[in-house]
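*Asks:* Starting off with a structure, shown below.
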Amino acid sequence: MATGVLATRPGVMEDPGERGRFGEYGGLYVPESLVAACREVEAAFREARTDPAFRESLAESLALHVGRPTPLTPARRLSAELGVTLLLKREDLAHTGSHKINNVLGQALLALRMGRTRLIAETGAGQHGVAVATAAALLGLPATVFMGERDVERQGLNVFRMRMLGTEVVPVGTGSRTLKDATSEAMRHWVADTEEAYYCVGSVIGPNPYPWMVREFQRVIGDEAREQCAGALPAAVPDYVVACVGGGSNAAGTFAGFVGTSARLIGVEAEGGAGAARGSLGVLHGFRSLFLQDDHGQITEAHSIAAGLDYPGVGPEHAHLRDLGRARYVTVSDEEVVDAAVRLARAEGIVPALESAHAVAWVIRAARTGELPPGATVLLTLSGRGDKDISTLKELV
């Protein structure tokens with residue numbers, strides 16, 4: 001079995017219980033017609049996570065189809081430039097090009113276990129949609145992915161990949177035509193067919209049990225990284241653990257491996273999509289968390305150059321970690337992100353996804369300002385590769 005798959009840890013970031021609460025966040029705020037469906041998913045996950053056969057099947061799929069464990073790569077030239085030791089957890093090298101496949105394979109296997117006959121999903125940057133399309137093809141399930149029209153336009157390569165894999169992509173033309181609207185449409189579609197369809201959520205958002213379940217499927221990132229850091233760093237644990245945050249799935253998975261250590265946890269949001277850093281308490285898409293809202297409590301539109309971070313809120317467990325002071329959430333600008341993507345590419349030969357470049361941008365700034373002390377050790381999760389963002393970068397670089 002792959003290291004740490006579905007492992008249990010005492011203390012923070014453990015089972016939130018049947019109410020699905022992380023402090024005052026999380027919960028189950030869905031129409032009556034979806035309550036039973038969410039309860040079925042929770043019951044199935046609780047049973048599956050303790051079933052050796054399911055765990056073995058998931059671990060085998062992660063090894064054979066995803067290529068786990070992903071490497072831990074020292075960023076030697078950029079480290080020398082910044083005066084710190086920077087290690088990159090390479091989720092960009094996972095099959096389909098991002099961490100999303102870890103969670104999707106887990107949920108797709110759960111859907112089969114529950115007897116569901118098709119997958120539905122939403123996507124922003126398209127990486128979750130590509131992962132769903134890949135898992136659906138692998139397991140012989142039809143899939144439908146909802147995607148905002150604006151994201152369809154700026155992520156055309158991933159739209160083509162999904163369709164090539166046999167998945168139906170449905171453009172959503174309502175609202176801001178981004179991830180928020182795609183999520184709303186996917187939930188409306190699920191209400192109409194809970195008997196046959198399995199809703200495969202892509203981040204640590206949504207009604208209970210999704211934030212917990214997605215974090216557990218992504219925990220493999222943090223558990224692997226912690227083991228790898230133990231062999232790579234004299235102190236075994238890095239001083240800082242850094243990851244980008246939209247809904248926050250790659251950060252939640254990474255943090256879960258280090259939450260019980262001395263490492264400082266840093267989540268990096270887009271300036272225009274900073275739910276954890278600047279949001280206020282609200283309810284959206286079936287869960288209670290921190291959202292960008294106006295004075296009347298209406299959800300406001302988020303903005304990020306990275307489609308995957310273009311979400312007006314943050315996963316409930318991140319809001320809880322913020323309140324506890326266990327994780328800190330910071331923001332970077334689009335300009336810093338583009339500069340960071342170019343600098344990593346030219347120093348290390350790695351073109352990161354614009355989502356991941358948010359985390360790189362903060363490290364660069366923090367090293368320059370002295371917030372990262374000279375000689376600090378930093379683990380950064382590179383959540384995805386930048387192939388999908390080449391056309392955007394081409395216009396800006």
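Just so we're on the same page: first chain in the structure tokens is A, next is B, and so on; residues restart at 1 for each chain, and ligands are numbered from 1 in the order they show up.
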Using only C-alpha atoms, tabulate the residues of stretch 44-94 of chain A lying at most 12 Å from any atom of stretch 119-130 of chain A, each with its closest atom pair and that distance in Å to one decimal, by chain and increasing residue number, as CSV.
*Replies:*
residue,atom,partner,partner_atom,distance
A:Glu91,CA,A:Gln127,CA,12.0
A:Asp92,CA,A:Gln127,CA,10.8
A:Ala94,CA,A:Gln127,CA,11.5
*Asks:* Please list as a PyMOL selection string every residue within 10 Å of A:His65, counting only C-alpha atoms and excluding residues in the same chain fewer than 3 positions away.
*Replies:* chain A and resi 59-62+68+94-96+101-102+105+134-135+138
*Asks:* Quick one: pick out all strand (DSSP E) residues within stretch 30-228 of chain A from a backbone DSSP run and write them as a list of chain:residue names.
*Replies:*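 Answer for stretch 30-228 of chain A, restricted to strand (DSSP E): A:Leu72, A:Thr73, A:Pro74, A:Thr85, A:Leu86, A:Leu87, A:Leu88, A:Lys89, A:Arg90, A:Arg118, A:Leu119, A:Ile120, A:Ala121, A:Glu122, A:Thr123, A:Ala143, A:Thr144, A:Val145, A:Phe146, A:Met147, A:Gly148, A:Glu168, A:Val169, A:Val170, A:Pro171, A:Val172, A:Ala197, A:Tyr198, A:Tyr199.
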*Asks:* Per residue of stretch 326-365 of chain A within 10 Å of stretch 79-84 of chain A, which atom pair is closest and at what distance in Å (one decimal), using only C-alpha atoms, listed by chain and increasing number, as CSV?
*Replies:*
residue,atom,partner,partner_atom,distance
A:Ala347,CA,A:Glu81,CA,9.0
A:Glu348,CA,A:Ser79,CA,9.9
A:Val363,CA,A:Leu82,CA,8.6
A:Ile364,CA,A:Leu82,CA,6.9
A:Arg365,CA,A:Leu82,CA,9.4
*Asks:* From the set A:Val397, A:Ile266, A:Thr377, A:Leu78, which residue has the shortest atom-to-atom contact distance to A:Asp339, counting only C-alpha atoms?
*Replies:* A:Val397
